[in-house]
>>> print(open('start-v8.cif').read())   # mmCIF, C-alpha atoms and all ligand atoms
data_upload
#
loop_
_atom_site.label_atom_id
_atom_site.label_comp_id
_atom_site.auth_asym_id
_atom_site.auth_seq_id
_atom_site.Cartn_x
_atom_site.Cartn_y
_atom_site.Cartn_z
CA MET E 78 0.00 0.00 0.00
CA PRO E 79 1.42 3.43 -0.90
CA LEU E 80 1.68 5.54 2.26
CA ALA E 81 0.88 9.26 2.08
CA GLN E 82 1.87 11.92 4.57
CA ALA E 83 -1.11 14.15 5.29
CA TYR E 84 -2.71 16.78 7.52
CA ALA E 85 -5.95 15.73 9.21
CA ALA E 86 -8.57 17.10 11.57
CA GLN E 87 -9.14 14.53 14.32
CA SER E 88 -12.41 16.20 15.35
CA ALA E 89 -14.56 19.22 14.47
CA THR E 90 -12.77 21.26 17.13
CA SER E 91 -9.16 20.17 16.72
CA PRO E 92 -6.61 21.93 14.51
CA LEU E 93 -5.20 19.99 11.58
CA SER E 94 -2.12 17.92 12.44
CA PRO E 95 0.22 15.41 10.76
CA PHE E 96 -1.36 12.08 9.86
CA THR E 97 -0.44 9.07 7.73
CA VAL E 98 -2.87 7.71 5.14
CA GLU E 99 -2.73 4.33 3.38
CA ARG E 100 -3.68 4.82 -0.25
CA ARG E 101 -5.00 1.90 -2.23
CA GLU E 102 -2.59 0.14 -4.59
CA PRO E 103 -3.63 1.31 -8.07
CA GLY E 104 -6.22 -1.13 -9.52
CA PRO E 105 -6.44 -1.74 -13.31
CA HIS E 106 -8.20 1.61 -13.94
CA ASP E 107 -6.50 3.67 -11.23
CA VAL E 108 -3.91 6.42 -11.30
CA LEU E 109 -1.59 7.07 -8.34
CA ILE E 110 -0.92 10.81 -8.18
CA ASP E 111 2.08 12.52 -6.60
CA ILE E 112 0.29 15.62 -5.25
CA HIS E 113 2.24 18.86 -5.58
CA TYR E 114 -0.42 21.41 -4.68
CA CYS E 115 -3.84 21.63 -3.08
CA GLY E 116 -5.95 24.80 -3.00
CA VAL E 117 -7.55 25.79 0.31
CA CYS E 118 -11.29 26.13 -0.38
CA HIS E 119 -13.59 27.63 2.24
CA SER E 120 -15.53 24.35 2.05
CA ASP E 121 -12.49 22.74 3.73
CA VAL E 122 -13.14 24.96 6.74
CA HIS E 123 -16.91 24.25 6.69
CA GLN E 124 -16.28 20.49 6.40
CA SER E 125 -13.45 20.06 8.88
CA ARG E 126 -15.43 22.03 11.49
CA ALA E 127 -18.62 20.08 10.71
CA GLU E 128 -20.44 23.34 9.97
CA TRP E 129 -22.81 21.74 7.48
CA GLY E 130 -24.31 19.33 10.05
CA PRO E 131 -25.73 16.03 8.71
CA LEU E 132 -25.71 17.40 5.10
CA GLY E 133 -21.93 17.72 5.20
CA GLY E 134 -21.35 14.09 6.20
CA ALA E 135 -18.31 14.98 8.29
CA VAL E 136 -16.44 11.89 9.53
CA PHE E 137 -13.17 12.05 11.46
CA PRO E 138 -10.25 11.85 11.12
CA MET E 139 -10.71 14.00 8.00
CA VAL E 140 -8.07 14.97 5.45
CA PRO E 141 -9.64 17.92 3.60
CA GLY E 142 -8.62 19.24 0.19
CA HIS E 143 -10.25 18.91 -3.23
CA GLU E 144 -8.28 21.31 -5.43
CA ILE E 145 -5.51 18.88 -6.28
CA THR E 146 -2.79 19.10 -8.91
CA GLY E 147 0.29 16.94 -9.36
CA LEU E 148 2.03 14.38 -11.54
CA VAL E 149 1.06 10.81 -12.33
CA GLU E 150 3.40 8.47 -10.46
CA ARG E 151 1.98 5.09 -11.45
CA VAL E 152 -0.93 3.74 -13.50
CA GLY E 153 -2.95 0.51 -13.45
CA GLU E 154 -2.57 -1.94 -16.33
CA LYS E 155 -5.80 -0.91 -18.11
CA VAL E 156 -5.35 2.85 -17.82
CA SER E 157 -5.48 4.34 -21.30
CA ARG E 158 -5.70 8.10 -20.76
CA PHE E 159 -2.67 8.75 -18.56
CA LYS E 160 0.94 7.74 -18.17
CA ARG E 161 3.69 8.38 -15.62
CA GLY E 162 4.71 12.06 -15.51
CA ASP E 163 1.43 13.48 -16.88
CA ARG E 164 0.18 16.74 -15.33
CA VAL E 165 -3.18 16.02 -13.70
CA GLY E 166 -5.83 17.37 -11.36
CA VAL E 167 -8.59 16.05 -9.11
CA GLY E 168 -11.57 18.09 -7.96
CA SER E 169 -14.36 17.72 -5.45
CA PHE E 170 -15.34 14.12 -6.25
CA VAL E 171 -13.41 10.93 -7.00
CA ASP E 172 -16.24 8.63 -8.10
CA SER E 173 -20.00 8.38 -8.71
CA CYS E 174 -22.46 5.62 -9.67
CA ARG E 175 -21.89 6.08 -13.46
CA GLN E 176 -25.43 4.78 -14.19
CA CYS E 177 -27.97 7.41 -13.14
CA ALA E 178 -29.26 10.13 -15.49
CA PRO E 179 -26.97 12.90 -14.14
CA CYS E 180 -23.89 10.61 -14.40
CA LEU E 181 -24.80 9.60 -17.96
CA GLN E 182 -25.19 13.30 -18.85
CA GLY E 183 -21.71 14.06 -17.53
CA GLU E 184 -23.09 15.85 -14.44
CA GLU E 185 -21.51 13.45 -11.97
CA GLN E 186 -21.59 16.05 -9.19
CA TYR E 187 -25.37 15.60 -9.09
CA CYS E 188 -25.22 11.77 -9.04
CA ASP E 189 -28.57 10.39 -7.76
CA ARG E 190 -26.73 7.97 -5.48
CA GLY E 191 -24.34 10.65 -4.25
CA MET E 192 -20.93 11.48 -5.67
CA VAL E 193 -17.96 10.20 -3.68
CA VAL E 194 -16.71 13.46 -2.20
CA THR E 195 -12.96 14.08 -2.11
CA GLY E 196 -11.82 14.63 1.43
CA ILE E 197 -14.69 13.02 3.30
CA THR E 198 -13.59 9.76 4.93
CA PRO E 199 -12.81 7.20 3.61
CA THR E 200 -11.51 9.04 0.54
CA TYR E 201 -9.10 11.37 2.41
CA GLY E 202 -8.39 14.47 0.37
CA GLY E 203 -5.61 16.52 -1.06
CA TYR E 204 -3.83 17.75 2.06
CA SER E 205 -1.61 14.74 1.46
CA THR E 206 1.33 13.69 -0.65
CA HIS E 207 -0.46 11.03 -2.74
CA ILE E 208 -3.92 9.93 -3.84
CA THR E 209 -5.21 6.99 -5.91
CA VAL E 210 -8.13 7.86 -8.21
CA ASP E 211 -9.98 6.08 -11.04
CA GLU E 212 -8.77 7.57 -14.34
CA ASN E 213 -12.31 8.60 -15.30
CA TYR E 214 -12.29 11.14 -12.45
CA VAL E 215 -8.85 12.60 -13.22
CA LEU E 216 -8.40 15.77 -15.29
CA ARG E 217 -5.58 16.73 -17.60
CA ILE E 218 -3.87 20.05 -16.77
CA PRO E 219 -2.80 21.80 -19.99
CA ASP E 220 0.90 22.70 -20.25
CA ALA E 221 0.06 26.43 -20.38
CA LEU E 222 -1.23 26.34 -16.78
CA PRO E 223 1.29 26.23 -13.92
CA LEU E 224 0.24 23.47 -11.48
CA GLU E 225 0.17 25.90 -8.54
CA ARG E 226 -2.20 28.35 -10.19
CA ALA E 227 -4.30 25.56 -11.73
CA ALA E 228 -5.05 23.88 -8.38
CA PRO E 229 -7.89 26.29 -7.41
CA LEU E 230 -9.47 25.78 -10.81
CA MET E 231 -10.41 22.25 -9.69
CA CYS E 232 -13.15 23.65 -7.42
CA ALA E 233 -13.32 27.47 -7.34
CA GLY E 234 -12.68 27.60 -11.09
CA ILE E 235 -15.28 25.08 -12.19
CA ALA E 236 -17.78 26.28 -9.56
CA ALA E 237 -17.58 29.73 -11.19
CA TYR E 238 -17.48 28.56 -14.82
CA SER E 239 -20.32 26.01 -14.77
CA PRO E 240 -23.14 28.36 -13.67
CA LEU E 241 -22.01 31.02 -16.15
CA ARG E 242 -22.58 28.43 -18.88
CA HIS E 243 -25.64 26.75 -17.37
CA TYR E 244 -27.58 29.96 -16.70
CA GLY E 245 -26.74 31.30 -20.17
CA VAL E 246 -24.80 34.39 -19.13
CA LYS E 247 -23.99 36.28 -22.35
CA PRO E 248 -21.66 39.09 -23.47
CA GLY E 249 -23.25 42.42 -22.60
CA ASN E 250 -25.19 41.03 -19.60
CA THR E 251 -24.76 42.79 -16.28
CA LEU E 252 -23.63 40.52 -13.45
CA ALA E 253 -22.88 41.25 -9.79
CA VAL E 254 -20.57 39.02 -7.75
CA VAL E 255 -21.22 39.11 -4.01
CA GLY E 256 -18.05 38.32 -1.99
CA LEU E 257 -14.62 38.63 -3.53
CA GLY E 258 -12.89 35.49 -2.25
CA GLY E 259 -11.53 32.39 -3.97
CA LEU E 260 -14.77 31.60 -5.79
CA GLY E 261 -15.74 35.25 -6.32
CA HIS E 262 -12.47 36.21 -7.97
CA MET E 263 -12.85 33.33 -10.46
CA VAL E 264 -16.39 34.50 -11.32
CA VAL E 265 -14.93 37.97 -12.05
CA LYS E 266 -12.17 36.54 -14.23
CA PHE E 267 -14.39 34.20 -16.25
CA ALA E 268 -17.30 36.60 -16.65
CA SER E 269 -15.11 39.49 -17.75
CA ALA E 270 -13.23 37.18 -20.17
CA MET E 271 -16.66 36.31 -21.64
CA GLY E 272 -17.53 39.98 -22.23
CA VAL E 273 -19.91 40.38 -19.28
CA GLU E 274 -20.13 43.70 -17.40
CA VAL E 275 -19.13 42.73 -13.86
CA THR E 276 -19.79 44.58 -10.59
CA VAL E 277 -18.19 43.38 -7.34
CA LEU E 278 -20.27 43.76 -4.17
CA SER E 279 -17.92 43.40 -1.23
CA ASN E 280 -17.56 44.02 2.48
CA SER E 281 -13.90 44.93 2.11
CA PRO E 282 -12.90 48.47 1.00
CA ALA E 283 -9.32 47.23 0.40
CA LYS E 284 -10.53 45.03 -2.46
CA ARG E 285 -11.76 47.95 -4.63
CA ASP E 286 -8.55 48.29 -6.68
CA HIS E 287 -8.09 44.52 -6.89
CA ALA E 288 -11.60 44.11 -8.26
CA HIS E 289 -10.78 46.39 -11.19
CA THR E 290 -7.46 44.65 -11.82
CA LEU E 291 -9.28 41.31 -11.95
CA GLY E 292 -11.58 42.66 -14.67
CA ALA E 293 -14.60 44.12 -12.82
CA ARG E 294 -16.08 47.32 -14.27
CA HIS E 295 -17.69 48.50 -11.00
CA PHE E 296 -17.26 48.00 -7.24
CA ALA E 297 -19.67 48.78 -4.39
CA LEU E 298 -19.56 48.21 -0.65
CA THR E 299 -22.39 46.17 0.84
CA SER E 300 -21.73 47.90 4.16
CA GLU E 301 -22.86 51.26 2.70
CA ALA E 302 -26.56 51.83 3.22
CA ASP E 303 -27.30 53.43 -0.15
CA THR E 304 -25.62 50.67 -2.24
CA PHE E 305 -28.85 48.65 -2.36
CA GLN E 306 -30.95 51.66 -3.44
CA LYS E 307 -28.44 52.82 -6.05
CA LEU E 308 -28.13 49.39 -7.65
CA ALA E 309 -31.80 48.32 -7.46
CA GLY E 310 -33.02 46.64 -10.68
CA ARG E 311 -29.56 46.83 -12.29
CA PHE E 312 -28.44 43.24 -12.94
CA ASP E 313 -29.33 40.30 -15.17
CA PHE E 314 -27.51 38.02 -12.71
CA VAL E 315 -26.27 38.12 -9.14
CA PHE E 316 -23.77 35.38 -8.20
CA ASP E 317 -23.62 35.07 -4.42
CA THR E 318 -20.43 33.48 -3.01
CA VAL E 319 -20.69 34.61 0.62
CA THR E 320 -19.70 32.08 3.30
CA ALA E 321 -21.64 33.55 6.25
CA PRO E 322 -25.43 33.76 6.82
CA HIS E 323 -26.90 36.90 5.21
CA ASP E 324 -30.17 38.19 3.80
CA HIS E 325 -30.64 36.90 0.22
CA ASN E 326 -33.77 39.04 -0.19
CA LEU E 327 -31.62 42.17 -0.34
CA TYR E 328 -29.88 40.85 -3.45
CA LEU E 329 -33.13 39.88 -5.22
CA HIS E 330 -33.99 43.60 -5.36
CA LEU E 331 -30.85 44.24 -7.39
CA LEU E 332 -32.14 42.07 -10.27
CA LYS E 333 -33.90 43.33 -13.41
CA LEU E 334 -37.12 41.83 -14.76
CA ASP E 335 -36.43 38.07 -15.28
CA GLY E 336 -33.06 38.37 -13.53
CA THR E 337 -31.53 35.38 -11.71
CA LEU E 338 -29.90 35.09 -8.30
CA VAL E 339 -27.44 32.16 -8.32
CA LEU E 340 -26.41 30.86 -4.90
CA LEU E 341 -22.89 29.44 -4.80
CA GLY E 342 -21.78 30.17 -1.23
CA ALA E 343 -22.98 27.57 1.26
CA PRO E 344 -23.57 29.18 4.66
CA THR E 345 -25.80 27.64 7.32
CA PRO E 346 -28.28 28.51 8.63
CA SER E 347 -30.04 30.29 5.78
CA THR E 348 -32.38 33.25 6.05
CA PRO E 349 -36.10 33.13 5.06
CA LEU E 350 -36.95 33.92 1.46
CA MET E 351 -39.63 36.52 0.67
CA ALA E 352 -42.09 35.89 -2.19
CA PHE E 353 -42.66 39.51 -3.22
CA PRO E 354 -39.25 40.38 -4.69
CA LEU E 355 -39.59 37.25 -6.87
CA ILE E 356 -43.22 37.78 -7.88
CA MET E 357 -43.03 41.46 -8.74
CA ARG E 358 -40.31 41.17 -11.40
CA ARG E 359 -40.59 37.46 -12.34
CA ARG E 360 -37.15 36.94 -10.83
CA LYS E 361 -35.59 33.51 -10.37
CA ILE E 362 -33.32 31.93 -7.81
CA GLY E 363 -31.06 28.93 -8.41
CA GLY E 364 -27.91 27.22 -7.26
CA SER E 365 -24.97 25.34 -8.71
CA LEU E 366 -22.39 22.85 -7.51
CA ASP E 367 -18.96 22.58 -9.12
CA GLY E 368 -19.15 20.88 -12.57
CA GLY E 369 -18.94 17.46 -14.21
CA ILE E 370 -15.74 15.88 -15.50
CA ARG E 371 -16.35 16.81 -19.14
CA GLU E 372 -17.15 20.44 -18.31
CA THR E 373 -14.17 20.68 -15.93
CA GLN E 374 -11.85 19.62 -18.76
CA GLU E 375 -13.54 22.18 -21.04
CA MET E 376 -12.96 24.86 -18.37
CA LEU E 377 -9.27 23.92 -18.01
CA ASP E 378 -8.81 24.12 -21.79
CA PHE E 379 -10.62 27.49 -21.83
CA CYS E 380 -8.25 28.74 -19.09
CA ALA E 381 -5.22 27.60 -21.08
CA SER E 382 -6.44 29.34 -24.24
CA GLN E 383 -7.44 32.58 -22.48
CA GLY E 384 -4.63 32.72 -19.89
CA VAL E 385 -7.12 32.53 -16.99
CA MET E 386 -5.62 31.28 -13.70
CA ALA E 387 -6.26 31.73 -10.00
CA ASP E 388 -4.40 34.40 -8.00
CA THR E 389 -2.61 32.37 -5.35
CA GLU E 390 -0.50 32.60 -2.20
CA LEU E 391 1.64 29.52 -1.73
CA ILE E 392 2.00 28.16 1.81
CA PRO E 393 3.74 25.06 3.12
CA ILE E 394 1.04 22.60 4.30
CA GLN E 395 2.51 22.96 7.80
CA LYS E 396 0.93 26.47 7.93
CA ILE E 397 -2.57 25.22 7.14
CA ASN E 398 -4.10 26.23 10.49
CA GLU E 399 -2.84 29.81 10.08
CA ALA E 400 -4.22 29.80 6.54
CA PHE E 401 -7.67 28.77 7.84
CA GLU E 402 -7.62 31.66 10.34
CA ARG E 403 -6.57 34.15 7.66
CA LEU E 404 -9.21 32.80 5.28
CA LEU E 405 -11.87 33.39 7.93
CA LYS E 406 -10.73 37.02 8.15
CA GLY E 407 -10.80 37.45 4.35
CA ASP E 408 -7.03 38.00 4.44
CA VAL E 409 -6.03 36.25 1.19
CA TYR E 410 -5.71 37.47 -2.40
CA TYR E 411 -7.38 35.19 -3.46
CA ARG E 412 -6.59 31.53 -2.82
CA PHE E 413 -4.12 29.84 -0.51
CA VAL E 414 -2.45 26.91 -2.19
CA ALA E 415 -0.76 24.37 0.07
CA ASP E 416 2.58 23.01 -1.10
CA LEU E 417 2.60 19.28 -0.39
CA ARG E 418 6.15 18.81 -1.56
CA ALA E 419 7.12 20.65 1.63
CA LEU E 420 5.66 17.72 3.59
CA ARG E 421 7.47 15.07 1.62
CA GLU E 422 10.85 16.73 2.12
CA VAL E 423 10.58 16.63 5.95
P1 LIG P 1 -13.58 32.71 0.63
O1 LIG P 1 -12.37 32.68 -0.21
O2 LIG P 1 -13.48 32.74 2.11
O3 LIG P 1 -14.47 33.92 0.11
C1 LIG P 1 -15.72 34.24 0.67
C2 LIG P 1 -15.95 35.74 0.59
O4 LIG P 1 -17.22 36.01 1.18
C3 LIG P 1 -14.95 36.57 1.40
O5 LIG P 1 -13.78 36.86 0.69
C4 LIG P 1 -15.76 37.83 1.67
O6 LIG P 1 -15.73 38.69 0.53
C5 LIG P 1 -17.18 37.29 1.80
N1 LIG P 1 -17.54 37.14 3.23
C6 LIG P 1 -16.94 36.38 4.16
N2 LIG P 1 -17.54 36.52 5.37
C7 LIG P 1 -18.55 37.36 5.17
C8 LIG P 1 -19.54 37.91 6.01
N3 LIG P 1 -19.60 37.60 7.33
N4 LIG P 1 -20.46 38.75 5.48
C9 LIG P 1 -20.41 39.07 4.17
N5 LIG P 1 -19.45 38.59 3.32
C10 LIG P 1 -18.54 37.75 3.82
O7 LIG P 1 -14.49 31.41 0.32
P2 LIG P 1 -14.60 30.56 -1.05
O8 LIG P 1 -13.64 29.45 -1.01
O9 LIG P 1 -14.65 31.49 -2.19
O10 LIG P 1 -16.03 29.89 -0.83
C11 LIG P 1 -17.19 30.71 -0.75
C12 LIG P 1 -18.40 29.87 -0.39
O11 LIG P 1 -18.73 29.07 -1.53
C13 LIG P 1 -18.20 28.89 0.76
O12 LIG P 1 -19.40 28.83 1.51
C14 LIG P 1 -17.91 27.57 0.06
O13 LIG P 1 -18.24 26.46 0.85
C15 LIG P 1 -18.79 27.70 -1.14
N6 LIG P 1 -18.37 26.95 -2.32
C16 LIG P 1 -19.35 26.54 -3.16
C17 LIG P 1 -19.03 25.89 -4.33
C18 LIG P 1 -20.11 25.47 -5.26
O14 LIG P 1 -19.85 24.66 -6.15
N7 LIG P 1 -21.31 25.98 -5.11
C19 LIG P 1 -17.69 25.62 -4.63
C20 LIG P 1 -16.70 26.10 -3.78
C21 LIG P 1 -17.05 26.76 -2.61
P3 LIG P 1 -15.59 40.29 0.67
O15 LIG P 1 -14.34 40.54 1.47
O16 LIG P 1 -15.48 40.74 -0.74
O17 LIG P 1 -16.82 40.76 1.35
ZN ZN P 2 -14.30 23.73 -2.93
ZN ZN P 3 -24.82 8.59 -10.63
#
>>> encode(input="start-v8.cif", output="structure tokens", more="lines below")
Ligand code: NAP
Ligand code: ZN
Ligand code: ZN
Amino acid sequence: MPLAQAYAAQSATSPLSPFTVERREPGPHDVLIDIHYCGVCHSDVHQSRAEWGPLGGAVFPMVPGHEITGLVERVGEKVSRFKRGDRVGVGSFVDSCRQCAPCLQGEEQYCDRGMVVTGITPTYGGYSTHITVDENYVLRIPDALPLERAAPLMCAGIAAYSPLRHYGVKPGNTLAVVGLGGLGHMVVKFASAMGVEVTVLSNSPAKRDHAHTLGARHFALTSEADTFQKLAGRFDFVFDTVTAPHDHNLYLHLLKLDGTLVLLGAPTPSTPLMAFPLIMRRRKIGGSLDGGIRETQEMLDFCASQGVMADTELIPIQKINEAFERLLKGDVYYRFVADLRALREV
């Protein structure tokens, strides 16, 4: 059994600490990956602190991490798509039933029997030096994308890209992004690359200049009382990426006739939804979760062709607890990426 060095949470209240994981020996269709980098998604904080309750399925010890990039170390005898040394990625799931309607449509993240989530026991996630994954759930990272800056694309990237496609966001549409974090900054990058007029709605005055550099046309502070009056009825879409409970009704008022609020952030508990802001302007509300394997590969190829990558701050995995604390304060521009090679060299 290949042994991996990892960082795990032993309980919902304990910090992450060193842990050893036994990975499965690659079966005929498996790929053993030498993990170089893993992005630090806010979902890792939610999951390792059991903030999602029974929905989150938290089991301990837990090795979080689902924004994985690295190199193929070994392949099973029937693997046809990958060979040793290939640049690869793994996102938020490592398997699914492969038989239900969503799986057959390439929307494995919505598998009727439940996708096998990366980082929820027994899968153990990317805060580790190695992982064994079926080749059908492994992505190819194009040469134009550095592995470090591609890691966050495996969740934040696809979670931003998929709803832009699914909800039919078009050039010339107006779109507001609420919360400029890991996910939010990828929405800004993709939407502006697609010719969409993007406004960032943020709590953080310091992010104003960054928002423009990332491609946003406008910036407004949600902490300023008149923001919601000034921007009422302005947007075709509002993409909400906020991690903490907040009033979604406020954002419905910012939509035009037939506008859509897309919920991406996953705070609990949620606030009640009012019927009137929806009824009066035929507005819609929806959600979206990551993307399927086929669409994730399409997104990676789009990133390579357009030069879209995450803005990252590299940390050794040994600093993961500090990174969680800084993430909770919004003190990252815009994604921590843990260096797993630092763990192997110890
Ligand atoms: P993040 O990097 O921490 O960014 C979240 C942003 O939300 C912060 O930068 C901040 O933006 C804003 N925010 C934080 N606390 C807030 C508060 N108390 N009130 C108002 N705004 C606040 O997190 P992330 O990794 O982007 O993840 C965002 C959320 O999306 C998480 O809940 C995560 O679990 C979820 N998620 C969903 C998917 C999906 O497929 N749907 C995929 C990945 C993650 P400002 O400083 O600009 O205000
Ligand atoms: Zn994630
Ligand atoms: Zn399925």
>>> residues_near_ligand(input="start-v8.cif", ligand="ligand LIG 1 (chain P)", cutoff="8 Å", atoms="only C-alpha atoms and all ligand atoms", output="number ranges by chain")
E: 117-123, 232-233, 235-237, 255-262, 277-281, 284, 299, 318-323, 340-344, 364-368, 404-409, 411-412
>>> closest_atom_pairs(input="start-v8.cif", of="chain E", to="ligand ZN 3 (chain P)", cutoff="6 Å", atoms="only C-alpha atoms and all ligand atoms", output="JSON lines")
{"residue": "E:Ser173", "atom": "CA", "partner": "P:ZN3", "partner_atom": "ZN", "distance": 5.2}
{"residue": "E:Cys174", "atom": "CA", "partner": "P:ZN3", "partner_atom": "ZN", "distance": 3.9}
{"residue": "E:Arg175", "atom": "CA", "partner": "P:ZN3", "partner_atom": "ZN", "distance": 4.8}
{"residue": "E:Gln176", "atom": "CA", "partner": "P:ZN3", "partner_atom": "ZN", "distance": 5.2}
{"residue": "E:Cys177", "atom": "CA", "partner": "P:ZN3", "partner_atom": "ZN", "distance": 4.2}
{"residue": "E:Pro179", "atom": "CA", "partner": "P:ZN3", "partner_atom": "ZN", "distance": 6.0}
{"residue": "E:Cys180", "atom": "CA", "partner": "P:ZN3", "partner_atom": "ZN", "distance": 4.4}
{"residue": "E:Cys188", "atom": "CA", "partner": "P:ZN3", "partner_atom": "ZN", "distance": 3.6}
{"residue": "E:Asp189", "atom": "CA", "partner": "P:ZN3", "partner_atom": "ZN", "distance": 5.1}
{"residue": "E:Arg190", "atom": "CA", "partner": "P:ZN3", "partner_atom": "ZN", "distance": 5.5}
>>> closest_residue(input="start-v8.cif", among="E:Ala400, E:Val108, E:Val167, E:Ala85", to="ligand ZN 2 (chain P)", atoms="only C-alpha atoms and all ligand atoms")
E:Val167
>>> atom_distance(input="start-v8.cif", atom1="CA of Met139 (chain E)", atom2="CA of Ser125 (chain E)")
6.7 Å
>>> residues_around(input="start-v8.cif", residues="Thr389 (chain E)", least_positions_apart="6", cutoff="8 Å", atoms="all atoms listed in the file", output="compact mmCIF listing (two decimals) with C-alpha atoms, in the frame of the given file")
# COMPACT_ATOMS: atom_id res chain seq x y z
CA GLU E 225 0.17 25.90 -8.54
CA ARG E 226 -2.20 28.35 -10.19
CA TYR E 410 -5.71 37.47 -2.40
CA TYR E 411 -7.38 35.19 -3.46
CA ARG E 412 -6.59 31.53 -2.82
CA PHE E 413 -4.12 29.84 -0.51
CA VAL E 414 -2.45 26.91 -2.19
>>> closest_residue(input="start-v8.cif", among="E:Leu298, E:Leu216, E:Val98, E:Ala283", to="Gly369 (chain E)", atoms="all atoms listed in the file")
E:Leu216
>>> atom_distance(input="start-v8.cif", atom1="CA of Leu329 (chain E)", atom2="CA of Ser169 (chain E)")
29.0 Å
>>> closest_residue(input="start-v8.cif", among="E:Leu332, E:Val385, E:Ile197, E:Ile362", to="Tyr244 (chain E)", atoms="only C-alpha atoms")
E:Ile362
>>> residues_around(input="start-v8.cif", residues="Gly234 (chain E)", least_positions_apart="3", cutoff="9 Å", atoms="only C-alpha atoms", output="PyMOL selection string")
chain E and resi 227-231+237-239+259-260+263-264+267+367+373+376-377+386-387
>>> atom_distance(input="start-v8.cif", atom1="CA of Tyr114 (chain E)", atom2="CA of Arg101 (chain E)")
20.2 Å
>>> build_atoms(input="start-v8.cif", residues="region 247-252 of chain E", atoms="all heavy atoms", output="PDB file, in the frame of the given file")
ATOM      1  N   LYS E 247     -24.469  35.931 -20.999  1.00  0.00           N
ATOM      2  CA  LYS E 247     -23.990  36.280 -22.350  1.00  0.00           C
ATOM      3  C   LYS E 247     -23.188  37.588 -22.326  1.00  0.00           C
ATOM      4  O   LYS E 247     -23.370  38.417 -21.417  1.00  0.00           O
ATOM      5  CB  LYS E 247     -25.194  36.488 -23.273  1.00  0.00           C
ATOM      6  CG  LYS E 247     -25.966  35.225 -23.580  1.00  0.00           C
ATOM      7  CD  LYS E 247     -26.975  35.440 -24.689  1.00  0.00           C
ATOM      8  CE  LYS E 247     -28.271  36.055 -24.213  1.00  0.00           C
ATOM      9  NZ  LYS E 247     -29.051  35.271 -23.275  1.00  0.00           N
ATOM     10  N   PRO E 248     -22.356  37.805 -23.354  1.00  0.00           N
ATOM     11  CA  PRO E 248     -21.660  39.090 -23.470  1.00  0.00           C
ATOM     12  C   PRO E 248     -22.682  40.220 -23.432  1.00  0.00           C
ATOM     13  O   PRO E 248     -23.747  40.103 -24.025  1.00  0.00           O
ATOM     14  CB  PRO E 248     -20.979  39.015 -24.847  1.00  0.00           C
ATOM     15  CG  PRO E 248     -20.888  37.557 -25.168  1.00  0.00           C
ATOM     16  CD  PRO E 248     -22.036  36.892 -24.475  1.00  0.00           C
ATOM     17  N   GLY E 249     -22.343  41.271 -22.695  1.00  0.00           N
ATOM     18  CA  GLY E 249     -23.250  42.420 -22.600  1.00  0.00           C
ATOM     19  C   GLY E 249     -24.192  42.341 -21.414  1.00  0.00           C
ATOM     20  O   GLY E 249     -24.759  43.355 -21.003  1.00  0.00           O
ATOM     21  N   ASN E 250     -24.377  41.133 -20.826  1.00  0.00           N
ATOM     22  CA  ASN E 250     -25.190  41.030 -19.600  1.00  0.00           C
ATOM     23  C   ASN E 250     -24.507  41.783 -18.473  1.00  0.00           C
ATOM     24  O   ASN E 250     -23.286  41.965 -18.481  1.00  0.00           O
ATOM     25  CB  ASN E 250     -25.352  39.566 -19.161  1.00  0.00           C
ATOM     26  CG  ASN E 250     -26.396  38.794 -19.958  1.00  0.00           C
ATOM     27  OD1 ASN E 250     -26.402  37.571 -19.954  1.00  0.00           O
ATOM     28  ND2 ASN E 250     -27.294  39.481 -20.634  1.00  0.00           N
ATOM     29  N   THR E 251     -25.317  42.204 -17.496  1.00  0.00           N
ATOM     30  CA  THR E 251     -24.760  42.790 -16.280  1.00  0.00           C
ATOM     31  C   THR E 251     -24.821  41.737 -15.170  1.00  0.00           C
ATOM     32  O   THR E 251     -25.850  41.076 -14.985  1.00  0.00           O
ATOM     33  CB  THR E 251     -25.567  44.030 -15.852  1.00  0.00           C
ATOM     34  OG1 THR E 251     -26.957  43.695 -15.856  1.00  0.00           O
ATOM     35  CG2 THR E 251     -25.319  45.199 -16.797  1.00  0.00           C
ATOM     36  N   LEU E 252     -23.721  41.566 -14.474  1.00  0.00           N
ATOM     37  CA  LEU E 252     -23.630  40.520 -13.450  1.00  0.00           C
ATOM     38  C   LEU E 252     -22.936  41.089 -12.209  1.00  0.00           C
ATOM     39  O   LEU E 252     -21.899  41.753 -12.339  1.00  0.00           O
ATOM     40  CB  LEU E 252     -22.845  39.327 -14.006  1.00  0.00           C
ATOM     41  CG  LEU E 252     -22.645  38.103 -13.106  1.00  0.00           C
ATOM     42  CD1 LEU E 252     -22.607  36.824 -13.950  1.00  0.00           C
ATOM     43  CD2 LEU E 252     -21.364  38.188 -12.275  1.00  0.00           C
TER      44      LEU E 252
END
